[in-house]
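Below is my_file.cif, holding mmCIF, C-alpha atoms.
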data_coords
loop_
_atom_site.label_atom_id
_atom_site.label_comp_id
_atom_site.auth_asym_id
_atom_site.auth_seq_id
_atom_site.Cartn_x
_atom_site.Cartn_y
_atom_site.Cartn_z
CA MET U 1 0.00 0.00 0.00
CA PRO U 2 1.48 3.42 -0.92
CA ARG U 3 2.28 5.59 2.10
CA ALA U 4 0.05 8.44 0.99
CA GLU U 5 -2.82 6.00 0.79
CA LEU U 6 -2.05 4.66 4.28
CA ILE U 7 -2.35 8.07 5.91
CA GLU U 8 -5.65 8.62 4.11
CA ARG U 9 -6.97 5.34 5.52
CA ILE U 10 -5.80 6.25 9.02
CA VAL U 11 -7.59 9.59 8.75
CA ALA U 12 -10.70 7.83 7.43
CA VAL U 13 -10.76 5.58 10.53
CA THR U 14 -10.43 8.46 13.00
CA GLU U 15 -12.91 10.54 11.01
CA GLU U 16 -15.66 8.30 12.39
CA TYR U 17 -14.80 9.67 15.85
CA LEU U 18 -13.40 13.14 15.27
CA GLY U 19 -15.04 14.20 12.02
CA PRO U 20 -13.36 17.12 10.23
CA ALA U 21 -10.86 17.43 13.09
CA SER U 22 -9.43 13.95 12.41
CA GLU U 23 -6.81 14.93 9.82
CA ARG U 24 -5.48 17.73 12.00
CA PHE U 25 -5.52 15.37 15.01
CA ILE U 26 -3.68 12.49 13.30
CA TYR U 27 -1.12 14.74 11.62
CA ARG U 28 -0.38 16.38 14.97
CA LEU U 29 0.07 13.04 16.77
CA ILE U 30 2.35 11.67 14.04
CA ARG U 31 4.53 14.78 14.00
CA PHE U 32 4.69 15.08 17.78
CA HIS U 33 5.01 11.44 18.93
CA LEU U 34 6.49 9.67 15.91
CA SER U 35 8.59 12.65 14.78
CA LYS U 36 7.66 11.95 11.15
CA GLU U 37 5.84 13.63 8.32
CA PRO U 38 2.33 12.10 8.05
CA THR U 39 2.86 11.08 4.41
CA SER U 40 5.96 9.08 5.36
CA ILE U 41 4.19 6.85 7.88
CA SER U 42 4.44 3.08 7.36
CA LYS U 43 2.49 0.08 8.62
CA LYS U 44 5.02 -0.63 11.35
CA ASP U 45 4.30 2.81 12.89
CA ILE U 46 0.62 2.02 13.32
CA PRO U 47 0.74 0.15 16.70
CA LYS U 48 2.55 3.09 18.33
CA LEU U 49 0.21 5.59 16.68
CA ALA U 50 -2.85 3.56 17.76
CA GLU U 51 -1.57 3.65 21.33
CA TRP U 52 -1.25 7.45 21.25
CA VAL U 53 -4.66 7.78 19.64
CA LYS U 54 -6.10 5.67 22.48
CA VAL U 55 -4.46 7.88 25.12
CA SER U 56 -5.59 11.11 23.43
CA LEU U 57 -9.15 9.98 22.77
CA GLY U 58 -9.34 8.77 26.38
CA LEU U 59 -8.78 12.37 27.44
CA LEU U 60 -11.61 13.59 25.21
CA THR U 61 -14.29 11.07 26.13
CA ASN U 62 -15.24 8.71 28.94
CA ASP U 63 -16.69 6.27 26.42
CA LYS U 64 -14.12 3.45 26.78
CA LYS U 65 -15.83 1.28 24.18
CA LEU U 66 -15.54 4.02 21.59
CA VAL U 67 -11.83 4.49 22.30
CA ASP U 68 -11.12 0.73 22.16
CA ASP U 69 -13.11 0.50 18.94
CA CYS U 70 -11.01 3.22 17.31
CA GLU U 71 -7.75 1.56 18.42
CA LYS U 72 -8.92 -1.81 17.08
CA ASN U 73 -9.84 -0.30 13.69
CA LEU U 74 -6.49 1.43 13.45
CA LEU U 75 -4.58 -1.76 14.27
CA LYS U 76 -6.40 -3.51 11.42
CA LEU U 77 -4.48 -1.22 9.05
CA ALA U 78 -1.16 -2.62 10.31
CA VAL U 79 -1.78 -6.11 8.91
CA MET O 1 -11.16 37.86 5.83
CA LEU O 2 -13.16 39.45 8.67
CA PHE O 3 -11.42 39.92 12.03
CA PRO O 4 -8.10 38.34 11.03
CA LYS O 5 -6.28 38.33 14.34
CA LEU O 6 -7.94 39.62 17.49
CA LYS O 7 -6.05 38.97 20.69
CA ARG O 8 -7.99 37.87 23.78
CA ILE O 9 -7.05 41.07 25.63
CA TYR O 10 -8.84 43.25 23.03
CA PHE O 11 -12.15 41.57 23.80
CA TYR O 12 -11.91 42.20 27.53
CA LEU O 13 -10.49 45.70 27.09
CA ALA O 14 -13.42 46.63 24.84
CA TYR O 15 -15.77 45.10 27.41
CA LEU O 16 -14.24 47.10 30.25
CA ILE O 17 -14.55 50.39 28.33
CA PHE O 18 -18.18 49.67 27.37
CA ALA O 19 -19.12 48.53 30.90
CA ILE O 20 -17.57 51.55 32.66
CA LEU O 21 -19.14 53.96 30.18
CA TYR O 22 -22.51 52.23 30.42
CA ILE O 23 -22.74 52.37 34.22
CA THR O 24 -21.28 55.84 34.79
CA VAL O 25 -23.16 57.57 31.98
CA SER O 26 -26.42 55.86 33.02
CA LEU O 27 -26.05 57.13 36.57
CA VAL O 28 -25.23 60.73 35.62
CA ALA O 29 -27.99 60.91 33.00
CA PRO O 30 -30.78 63.42 33.75
CA LEU O 31 -33.74 61.77 35.45
CA GLY O 32 -37.15 62.35 33.99
CA PRO O 33 -40.47 61.77 35.73
CA ASN O 34 -41.13 58.06 36.21
CA ARG O 35 -44.43 56.29 36.58
CA PHE O 36 -43.36 54.52 39.79
CA ASN O 37 -42.87 57.88 41.64
CA LEU O 38 -39.42 56.96 42.99
CA SER O 39 -36.96 59.34 44.64
CA THR O 40 -33.59 60.06 42.93
CA SER O 41 -31.62 57.71 45.20
CA ARG O 42 -34.19 54.92 44.82
CA THR O 43 -34.19 55.44 41.05
CA HIS O 44 -30.37 55.08 40.99
CA ALA O 45 -30.62 51.96 43.17
CA LEU O 46 -33.21 50.53 40.79
CA GLN O 47 -31.02 51.46 37.81
CA LEU O 48 -28.11 49.55 39.37
CA THR O 49 -30.25 46.42 39.80
CA ILE O 50 -30.66 46.45 36.03
CA LEU O 51 -27.28 47.89 34.95
CA LEU O 52 -25.14 45.43 36.91
CA PRO O 53 -26.82 42.25 35.61
CA VAL O 54 -26.62 43.70 32.08
CA VAL O 55 -22.88 44.25 32.51
CA VAL O 56 -22.49 40.67 33.82
CA ILE O 57 -24.34 39.41 30.74
CA TRP O 58 -22.03 41.41 28.52
CA LEU O 59 -19.10 39.68 30.20
CA ALA O 60 -20.68 36.27 29.52
CA ALA O 61 -21.26 37.33 25.90
CA ILE O 62 -17.67 38.52 25.47
CA TYR O 63 -16.35 35.32 27.11
CA GLY O 64 -18.46 33.09 24.86
CA VAL O 65 -17.66 34.92 21.65
CA GLU O 66 -13.95 35.18 22.47
CA LYS O 67 -13.77 31.40 23.06
CA PHE O 68 -15.59 30.74 19.78
CA HIS O 69 -13.34 33.17 17.90
CA SER O 70 -10.16 31.61 19.38
CA TYR O 71 -11.30 28.11 18.39
CA ALA O 72 -12.25 29.19 14.87
CA ARG O 73 -8.94 31.02 14.49
CA LEU O 74 -7.08 27.90 15.56
CA ILE O 75 -8.53 25.88 12.67
CA ARG O 76 -9.22 28.65 10.14
CA LYS O 77 -6.96 27.12 7.46
CA SER O 78 -9.28 24.12 7.05
CA LYS O 79 -12.67 24.21 5.26
CA ASP O 80 -14.75 23.73 8.44
CA GLY O 81 -12.48 26.22 10.20
CA GLN O 82 -13.08 28.92 7.61
CA ALA O 83 -16.82 28.42 7.86
CA LEU O 84 -16.80 28.50 11.68
CA TYR O 85 -14.54 31.55 11.52
CA ILE O 86 -17.18 33.39 9.48
CA MET O 87 -19.88 32.27 11.94
CA SER O 88 -17.80 33.49 14.88
CA ALA O 89 -17.40 36.85 13.10
CA GLY O 90 -21.19 37.05 12.76
CA LEU O 91 -21.65 36.28 16.43
CA MET O 92 -19.03 38.91 17.24
CA ILE O 93 -21.01 41.53 15.29
CA LEU O 94 -24.17 40.45 17.15
CA VAL O 95 -22.44 40.87 20.53
CA GLY O 96 -21.01 44.19 19.31
CA SER O 97 -24.52 45.33 18.41
CA ILE O 98 -25.79 44.41 21.89
CA LEU O 99 -23.05 46.46 23.54
CA PHE O 100 -23.37 49.36 21.10
CA ASN O 101 -27.16 49.50 21.44
CA GLY O 102 -26.76 49.45 25.21
CA LEU O 103 -24.48 52.48 25.00
CA ILE O 104 -26.76 54.34 22.60
CA GLY O 105 -29.70 53.62 24.92
CA ILE O 106 -28.17 55.55 27.81
CA VAL O 107 -28.01 58.76 25.76
CA ARG O 108 -31.82 58.90 25.53
CA PRO O 109 -32.39 61.04 28.68
CA TRP O 110 -30.27 63.84 27.14
CA ALA O 111 -32.08 63.52 23.82
CA LEU O 112 -35.39 63.80 25.68
CA LYS O 113 -34.22 66.73 27.82
CA ASP O 114 -32.56 68.74 25.02
CA GLY O 115 -35.22 68.19 22.35
CA TRP O 116 -33.44 65.96 19.81
CA LEU O 117 -35.34 62.80 20.70
CA SER O 118 -36.73 62.24 17.19
CA ALA O 119 -33.27 62.30 15.51
CA TYR O 120 -31.89 60.12 18.30
CA THR O 121 -34.74 57.59 18.00
CA VAL O 122 -34.40 57.30 14.21
CA PHE O 123 -30.64 56.73 14.53
CA ASN O 124 -31.10 54.26 17.40
CA ASN O 125 -33.76 52.28 15.51
CA TYR O 126 -31.65 51.98 12.37
CA VAL O 127 -28.58 50.86 14.32
CA ALA O 128 -30.77 48.30 16.12
CA VAL O 129 -31.97 47.01 12.74
CA LEU O 130 -28.75 47.17 10.71
CA LEU O 131 -26.11 45.67 13.00
CA PRO O 132 -28.05 42.46 13.81
CA LEU O 133 -29.02 42.18 10.13
CA ILE O 134 -25.32 42.25 9.17
CA ALA O 135 -24.56 39.79 11.99
CA TYR O 136 -27.26 37.34 10.86
CA TYR O 137 -26.12 37.64 7.23
CA VAL O 138 -22.52 36.82 8.17
CA MET O 139 -23.64 33.93 10.42
CA HIS O 140 -25.82 32.59 7.62
CA THR O 141 -22.92 32.82 5.14
CA GLY O 142 -20.74 30.85 7.58
CA SER O 143 -23.42 28.22 8.14
CA ARG O 144 -23.78 27.73 4.37
CA ALA O 145 -20.02 27.32 4.02
CA LEU O 146 -20.15 24.77 6.84
CA LEU O 147 -22.74 22.69 4.97
CA LYS O 148 -20.77 23.09 1.74
CA SER O 149 -17.62 21.78 3.47
CA ILE O 150 -19.28 18.37 3.82
CA LYS O 151 -21.23 18.67 0.55
CA ALA O 152 -24.53 18.63 2.43
CA ARG O 153 -27.77 20.54 1.96
CA SER O 154 -30.41 21.76 4.35
CA SER O 155 -33.65 19.75 4.32
CA ARG O 156 -36.75 21.16 2.60
CA LEU O 157 -38.83 20.30 5.66
CA SER O 158 -36.72 22.71 7.75
CA TRP O 159 -37.28 25.49 5.23
CA ALA O 160 -41.03 24.90 5.33
CA GLY O 161 -40.92 25.16 9.14
CA ILE O 162 -38.94 28.40 8.97
CA ILE O 163 -41.38 29.95 6.47
CA ILE O 164 -44.40 29.07 8.66
CA LEU O 165 -42.68 30.37 11.81
CA LEU O 166 -41.63 33.59 10.04
CA ALA O 167 -45.09 34.14 8.59
CA VAL O 168 -46.68 33.85 12.05
CA THR O 169 -44.00 35.93 13.83
CA GLY O 170 -43.81 38.53 11.06
CA ALA O 171 -47.60 38.90 10.93
CA GLY O 172 -47.75 39.30 14.74
CA TYR O 173 -44.92 41.84 14.66
CA ILE O 174 -46.49 43.93 11.90
CA ALA O 175 -49.92 43.71 13.59
CA ALA O 176 -48.36 44.99 16.83
CA LEU O 177 -46.70 47.86 14.96
CA MET O 178 -49.90 48.79 13.14
CA SER O 179 -52.01 48.73 16.30
CA TYR O 180 -49.63 51.10 18.10
CA ASP O 181 -51.26 54.54 18.32
CA TYR O 182 -48.07 56.61 18.68
CA ARG O 183 -46.21 55.02 15.75
CA THR O 184 -45.26 58.23 13.93
CA GLN O 185 -45.65 60.85 16.69
CA THR O 186 -46.09 60.78 20.46
CA PRO O 187 -47.96 63.29 22.68
CA ASP O 188 -45.66 62.59 25.63
CA PRO O 189 -42.18 61.17 24.83
CA SER O 190 -41.55 60.37 28.50
CA LYS O 191 -44.51 57.96 28.46
CA TYR O 192 -44.88 56.68 24.90
CA ASN O 193 -42.15 55.80 22.40
CA SER O 194 -42.45 56.60 18.75
CA PHE O 195 -40.54 55.81 15.53
CA TYR O 196 -40.75 59.44 14.29
CA ILE O 197 -40.98 58.25 10.66
CA SER O 198 -43.93 57.53 8.36
CA THR O 199 -45.74 54.17 8.44
CA PRO O 200 -44.50 53.05 4.98
CA LEU O 201 -40.94 53.86 6.08
CA ILE O 202 -41.42 51.90 9.31
CA LEU O 203 -42.61 48.88 7.33
CA ALA O 204 -39.96 49.11 4.60
CA THR O 205 -36.90 50.10 6.61
CA ILE O 206 -37.56 48.62 10.04
CA ALA O 207 -40.11 45.78 9.93
CA LEU O 208 -38.90 44.25 6.65
CA PRO O 209 -35.17 44.21 7.57
CA TYR O 210 -36.12 42.71 10.96
CA ILE O 211 -38.03 39.90 9.26
CA ILE O 212 -35.21 39.34 6.73
CA GLY O 213 -32.76 39.23 9.65
CA TRP O 214 -34.87 36.65 11.49
CA ALA O 215 -35.06 34.53 8.33
CA LEU O 216 -31.27 34.61 8.00
CA ALA O 217 -30.84 33.82 11.70
CA LEU O 218 -33.22 30.88 11.56
CA ARG O 219 -31.60 29.57 8.38
CA ALA O 220 -28.19 29.84 10.03
CA VAL O 221 -29.24 27.79 13.07
CA VAL O 222 -31.02 25.21 10.89
CA ASN O 223 -27.89 24.91 8.70
CA LEU O 224 -25.74 24.42 11.79
CA ASN O 225 -28.14 21.73 13.01
CA GLN O 226 -28.06 19.99 9.62
CA TYR O 227 -24.26 20.17 9.60
CA ARG O 228 -24.06 18.51 13.01
CA LYS O 229 -26.47 15.80 11.93
CA GLN O 230 -24.67 15.04 8.68
CA VAL O 231 -21.00 15.48 9.64
CA LYS O 232 -18.97 12.45 10.68
CA GLY O 233 -17.33 12.02 14.09
CA VAL O 234 -19.06 10.78 17.25
CA ILE O 235 -16.88 12.79 19.65
CA TYR O 236 -16.82 15.85 17.37
CA LYS O 237 -20.63 15.85 17.06
CA ARG O 238 -21.08 15.72 20.85
CA SER O 239 -18.87 18.79 21.29
CA LEU O 240 -20.51 20.56 18.36
CA PHE O 241 -23.93 19.94 19.90
CA ARG O 242 -23.13 22.28 22.79
CA LEU O 243 -21.95 24.98 20.43
CA GLU O 244 -25.14 24.55 18.42
CA VAL O 245 -27.37 24.78 21.52
CA GLY O 246 -25.52 27.92 22.62
CA ILE O 247 -25.84 29.61 19.24
CA VAL O 248 -29.52 28.66 18.98
CA THR O 249 -30.21 30.04 22.48
CA VAL O 250 -28.41 33.32 21.83
CA THR O 251 -29.89 33.84 18.36
CA VAL O 252 -33.46 32.98 19.36
CA PHE O 253 -33.10 35.14 22.47
CA TYR O 254 -31.97 38.13 20.41
CA MET O 255 -34.87 37.64 17.99
CA PHE O 256 -37.17 37.49 20.99
CA LEU O 257 -35.64 40.68 22.37
CA GLN O 258 -36.27 42.46 19.07
CA LEU O 259 -39.89 41.28 19.17
CA LEU O 260 -40.17 42.43 22.75
CA VAL O 261 -39.26 45.97 21.73
CA ALA O 262 -42.22 45.89 19.33
CA PHE O 263 -44.52 44.71 22.11
CA SER O 264 -43.03 47.05 24.75
CA THR O 265 -46.29 48.97 25.09
CA TYR O 266 -47.93 45.86 26.54
CA LEU O 267 -44.97 45.33 28.86
CA ALA O 268 -45.23 48.93 30.04
CA LYS O 269 -48.62 48.13 31.56
CA ALA O 270 -47.09 45.53 33.91
CA ASN O 271 -45.95 46.32 37.46
CA LEU O 272 -42.29 46.91 38.37
CA GLY O 273 -41.78 43.48 39.99
CA SER O 274 -43.08 41.62 36.94
CA ILE O 275 -40.92 43.70 34.58
CA LEU O 276 -37.77 43.06 36.65
CA LEU O 277 -38.51 39.33 36.96
CA PHE O 278 -39.12 39.11 33.22
CA LEU O 279 -35.88 40.99 32.47
CA TYR O 280 -33.87 38.78 34.84
CA VAL O 281 -35.22 35.56 33.30
CA LEU O 282 -34.27 36.85 29.84
CA ILE O 283 -30.86 37.96 31.06
CA ILE O 284 -30.14 34.57 32.69
CA LEU O 285 -31.18 32.69 29.54
CA TYR O 286 -29.02 34.94 27.43
CA ALA O 287 -25.96 34.47 29.67
CA LEU O 288 -26.60 30.73 29.69
CA GLY O 289 -26.50 30.69 25.87
CA PHE O 290 -23.08 32.31 25.80
CA MET O 291 -21.76 30.03 28.56
CA ILE O 292 -22.92 27.00 26.53
CA ILE O 293 -21.10 28.42 23.48
CA ALA O 294 -17.95 28.77 25.60
CA SER O 295 -18.32 25.22 26.94
CA GLY O 296 -18.86 23.75 23.44
CA THR O 297 -15.89 25.57 21.96
CA SER O 298 -13.68 24.54 24.91
CA LYS O 299 -14.43 20.91 24.09
CA LEU O 300 -13.80 21.46 20.38
CA THR O 301 -10.57 23.31 21.20
CA ALA O 302 -9.45 20.32 23.30
CA ILE O 303 -9.76 18.10 20.20
CA GLU O 304 -7.49 20.52 18.33
CA LYS O 305 -4.90 20.86 21.05
CA ILE O 306 -4.57 17.36 22.44
CA ARG O 307 -1.34 15.48 21.68
#
Spell out the structure here as structure tokens.
Amino acid sequence: MPRAELIERIVAVTEEYLGPASERFIYRLIRFHLSKEPTSISKKDIPKLAEWVKVSLGLLTNDKKLVDDCEKNLLKLAV
Amino acid sequence: MLFPKLKRIYFYLAYLIFAILYITVSLVAPLGPNRFNLSTSRTHALQLTILLPVVVIWLAAIYGVEKFHSYARLIRKSKDGQALYIMSAGLMILVGSILFNGLIGIVRPWALKDGWLSAYTVFNNYVAVLLPLIAYYVMHTGSRALLKSIKARSSRLSWAGIIILLAVTGAGYIAALMSYDYRTQTPDPSKYNSFYISTPLILATIALPYIIGWALALRAVVNLNQYRKQVKGVIYKRSLFRLEVGIVTVTVFYMFLQLLVAFSTYLAKANLGSILLFLYVLIILYALGFMIIASGTSKLTAIEKIR
């Protein structure tokens, strides 16, 4: 899968939770925690990113199921 | 783009200037005869019971609009951000009009005393019509851009509801204007207000712009509601819901306030306690609307800032 396509799929997953804010959110997390440009992300970065997404979403909502659901969907992109 | 970069301090500085001017000028204004036969000191005490809550409401309004503006500015490079930025500018104009009208209102005793009440009233009425009309137009433009950002459209059912609501409200408003005896002239300006312009002018330049403004305001809140319903994002939608409730409360309240001015002759027949209670309920609802806007935008800002 091309890298540019991977970031689009990651954003599409988080869009279900964060809507129009998802691209800004994911790009910020990648730059801050993975120290990478979003378009250069690879499948092996996904577990770490999913972990940070889980932590960040946990701060925004008390809905644990929702957060776990998002993490699970992101991890699917790593396989 | 409107209001490109307004620092937080400017909002509160403007508030402080308006609040100080509003209270001091109100208290030094010449006192006319009042129908409750109160002494000067009791009149000032009564004035303060109204002036202070109004100033507190202004603070709530400034706080709410500043939070909304800061959030919109944070994301203004994105499509939804640009649309929300325009909406925040509209809300800013609406708050500005509330403060500005408040200030103009305190000049009335001098206009009454020095014989320029008719010029003052005409100016005051047009400011009260024009500024909210601009605010509603800008808010409506922002709400349309918001819908466009997700390629959505407002439902036809909502438009039908708005048209029915406007027809009923507009008809009631015009009927109230037409049944008012002192529409063009008043025998006693201290007792009865007047527009000091001809009836066709009242209808064309005051009633019609009011109704157009209400239509734009209602369309803006319906568009915002449709956007929230159709946009993706469970967490985003929950935060946006608060912002929507706040904007609906504030907009509907302001429309109600404009209607109230038209029906003020009926209110004038009520006793002092009822008037104060009514004013306080309105004021609390209004403040609540701005606090809900602030709360909604704080949650949305958290989404944008979290790492």
Pick out the chain O residues within 10 Å of chain U. Count only C-alpha atoms. Give them as a VMD selection string.
-> chain O and resid 75 78 to 81 149 to 150 231 to 239 299 to 300 302 to 307
CA of Tyr15 in chain O to CA of Lys113 in chain O: how many Å, to one decimal?
->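 Going from CA of Tyr15 in chain O over to CA of Lys113 in chain O, I get 28.4 Å.
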Taking the file as shown, find all residues satisfying the PyMOL selection byres ((chain O and resi 248) around 12) and write them as an mmCIF file with C-alpha atoms, in the frame of the given file.
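As written to disk, result_12.cif reads:
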data_model
loop_
_atom_site.group_PDB
_atom_site.id
_atom_site.type_symbol
_atom_site.label_atom_id
_atom_site.label_comp_id
_atom_site.auth_asym_id
_atom_site.auth_seq_id
_atom_site.Cartn_x
_atom_site.Cartn_y
_atom_site.Cartn_z
ATOM 1 C CA LEU O 91 -21.650 36.280 16.430
ATOM 2 C CA MET O 139 -23.640 33.930 10.420
ATOM 3 C CA ALA O 217 -30.840 33.820 11.700
ATOM 4 C CA LEU O 218 -33.220 30.880 11.560
ATOM 5 C CA ARG O 219 -31.600 29.570 8.380
ATOM 6 C CA ALA O 220 -28.190 29.840 10.030
ATOM 7 C CA VAL O 221 -29.240 27.790 13.070
ATOM 8 C CA VAL O 222 -31.020 25.210 10.890
ATOM 9 C CA ASN O 223 -27.890 24.910 8.700
ATOM 10 C CA LEU O 224 -25.740 24.420 11.790
ATOM 11 C CA ASN O 225 -28.140 21.730 13.010
ATOM 12 C CA PHE O 241 -23.930 19.940 19.900
ATOM 13 C CA ARG O 242 -23.130 22.280 22.790
ATOM 14 C CA LEU O 243 -21.950 24.980 20.430
ATOM 15 C CA GLU O 244 -25.140 24.550 18.420
ATOM 16 C CA VAL O 245 -27.370 24.780 21.520
ATOM 17 C CA GLY O 246 -25.520 27.920 22.620
ATOM 18 C CA ILE O 247 -25.840 29.610 19.240
ATOM 19 C CA THR O 249 -30.210 30.040 22.480
ATOM 20 C CA VAL O 250 -28.410 33.320 21.830
ATOM 21 C CA THR O 251 -29.890 33.840 18.360
ATOM 22 C CA VAL O 252 -33.460 32.980 19.360
ATOM 23 C CA PHE O 253 -33.100 35.140 22.470
ATOM 24 C CA TYR O 254 -31.970 38.130 20.410
ATOM 25 C CA MET O 255 -34.870 37.640 17.990
ATOM 26 C CA PHE O 256 -37.170 37.490 20.990
ATOM 27 C CA LEU O 285 -31.180 32.690 29.540
ATOM 28 C CA TYR O 286 -29.020 34.940 27.430
ATOM 29 C CA LEU O 288 -26.600 30.730 29.690
ATOM 30 C CA GLY O 289 -26.500 30.690 25.870
ATOM 31 C CA PHE O 290 -23.080 32.310 25.800
ATOM 32 C CA ILE O 292 -22.920 27.000 26.530
ATOM 33 C CA ILE O 293 -21.100 28.420 23.480
#
Run the PyMOL selection byres ((chain O and resi 138) around 8) against the file shown and list the residues it catches, as a list of chain:residue names.
-> O:Ile86, O:Met87, O:Ala89, O:Gly90, O:Ile134, O:Ala135, O:Tyr136, O:Tyr137, O:Met139, O:His140, O:Thr141, O:Gly142
Based on the selection just made, write C-alpha atoms of those residues as a short mmCIF file (atom, residue, chain, number, x, y, z; two decimals), in the coordinates of the input.
data_model
loop_
_atom_site.label_atom_id
_atom_site.label_comp_id
_atom_site.auth_asym_id
_atom_site.auth_seq_id
_atom_site.Cartn_x
_atom_site.Cartn_y
_atom_site.Cartn_z
CA ILE O 86 -17.18 33.39 9.48
CA MET O 87 -19.88 32.27 11.94
CA ALA O 89 -17.40 36.85 13.10
CA GLY O 90 -21.19 37.05 12.76
CA ILE O 134 -25.32 42.25 9.17
CA ALA O 135 -24.56 39.79 11.99
CA TYR O 136 -27.26 37.34 10.86
CA TYR O 137 -26.12 37.64 7.23
CA MET O 139 -23.64 33.93 10.42
CA HIS O 140 -25.82 32.59 7.62
CA THR O 141 -22.92 32.82 5.14
CA GLY O 142 -20.74 30.85 7.58
#
Can you tell me how far CA of Val25 in chain O sits from CA of Trp110 in chain O, in Å to one decimal?
->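 Separating CA of Val25 in chain O from CA of Trp110 in chain O is a distance of 10.6 Å.
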Using the chain letters and numbers from the file, which residues does the PyMOL selection byres ((chain U and resi 47) around 10) grab, as JSON, numbers by chain?
-> {"U": [43, 44, 45, 46, 48, 49, 50, 51, 52, 53, 71, 72, 74, 75, 76, 77, 78]}
Contacts of range 173-187 of chain O at 12 Å (only C-alpha atoms; same-chain gap of 2+ positions) as a VMD selection string = chain O and resid 117 to 118 121 to 122 166 to 171 189 to 204 206 to 208 210 to 211 214 255 to 256 258 to 266
By how many Å are CA of Glu37 in chain U and CA of Ile7 in chain U apart?
->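 About the pair CA of Glu37 in chain U and CA of Ile7 in chain U: they are 10.2 Å apart.
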Nearest-residue call for Leu147 in chain O, choices O:Leu84, O:Leu240, O:Leu52, O:Leu130, using only C-alpha atoms = O:Leu84
Fill-in result for range 10-22 of chain O, N, CA, C and O atoms as a compact mmCIF listing (two decimals), in the coordinates of the input:
# COMPACT_ATOMS: atom_id res chain seq x y z
N TYR O 10 -8.03 42.22 23.69
CA TYR O 10 -8.84 43.25 23.03
C TYR O 10 -10.32 43.08 23.38
O TYR O 10 -11.04 44.06 23.57
N PHE O 11 -10.75 41.83 23.47
CA PHE O 11 -12.15 41.57 23.80
C PHE O 11 -12.49 42.12 25.19
O PHE O 11 -13.49 42.80 25.37
N TYR O 12 -11.62 41.80 26.14
CA TYR O 12 -11.91 42.20 27.53
C TYR O 12 -11.68 43.69 27.76
O TYR O 12 -12.35 44.29 28.60
N LEU O 13 -10.74 44.26 27.01
CA LEU O 13 -10.49 45.70 27.09
C LEU O 13 -11.72 46.46 26.56
O LEU O 13 -12.18 47.42 27.19
N ALA O 14 -12.22 46.00 25.43
CA ALA O 14 -13.42 46.63 24.84
C ALA O 14 -14.59 46.50 25.82
O ALA O 14 -15.34 47.45 26.05
N TYR O 15 -14.70 45.33 26.44
CA TYR O 15 -15.77 45.10 27.41
C TYR O 15 -15.67 46.09 28.56
O TYR O 15 -16.67 46.70 28.96
N LEU O 16 -14.46 46.24 29.09
CA LEU O 16 -14.24 47.10 30.25
C LEU O 16 -14.63 48.55 29.92
O LEU O 16 -15.32 49.21 30.72
N ILE O 17 -14.23 49.02 28.75
CA ILE O 17 -14.55 50.39 28.33
C ILE O 17 -16.08 50.56 28.22
O ILE O 17 -16.65 51.50 28.77
N PHE O 18 -16.73 49.60 27.55
CA PHE O 18 -18.18 49.67 27.37
C PHE O 18 -18.90 49.63 28.73
O PHE O 18 -19.83 50.39 28.97
N ALA O 19 -18.45 48.72 29.61
CA ALA O 19 -19.12 48.53 30.90
C ALA O 19 -19.00 49.78 31.78
O ALA O 19 -19.99 50.23 32.37
N ILE O 20 -17.79 50.35 31.83
CA ILE O 20 -17.57 51.55 32.66
C ILE O 20 -18.41 52.71 32.12
O ILE O 20 -19.10 53.41 32.88
N LEU O 21 -18.35 52.89 30.80
CA LEU O 21 -19.14 53.96 30.18
C LEU O 21 -20.63 53.78 30.45
O LEU O 21 -21.34 54.72 30.81
N TYR O 22 -21.09 52.54 30.28
CA TYR O 22 -22.51 52.23 30.42
C TYR O 22 -23.02 52.57 31.83
O TYR O 22 -24.05 53.23 31.98
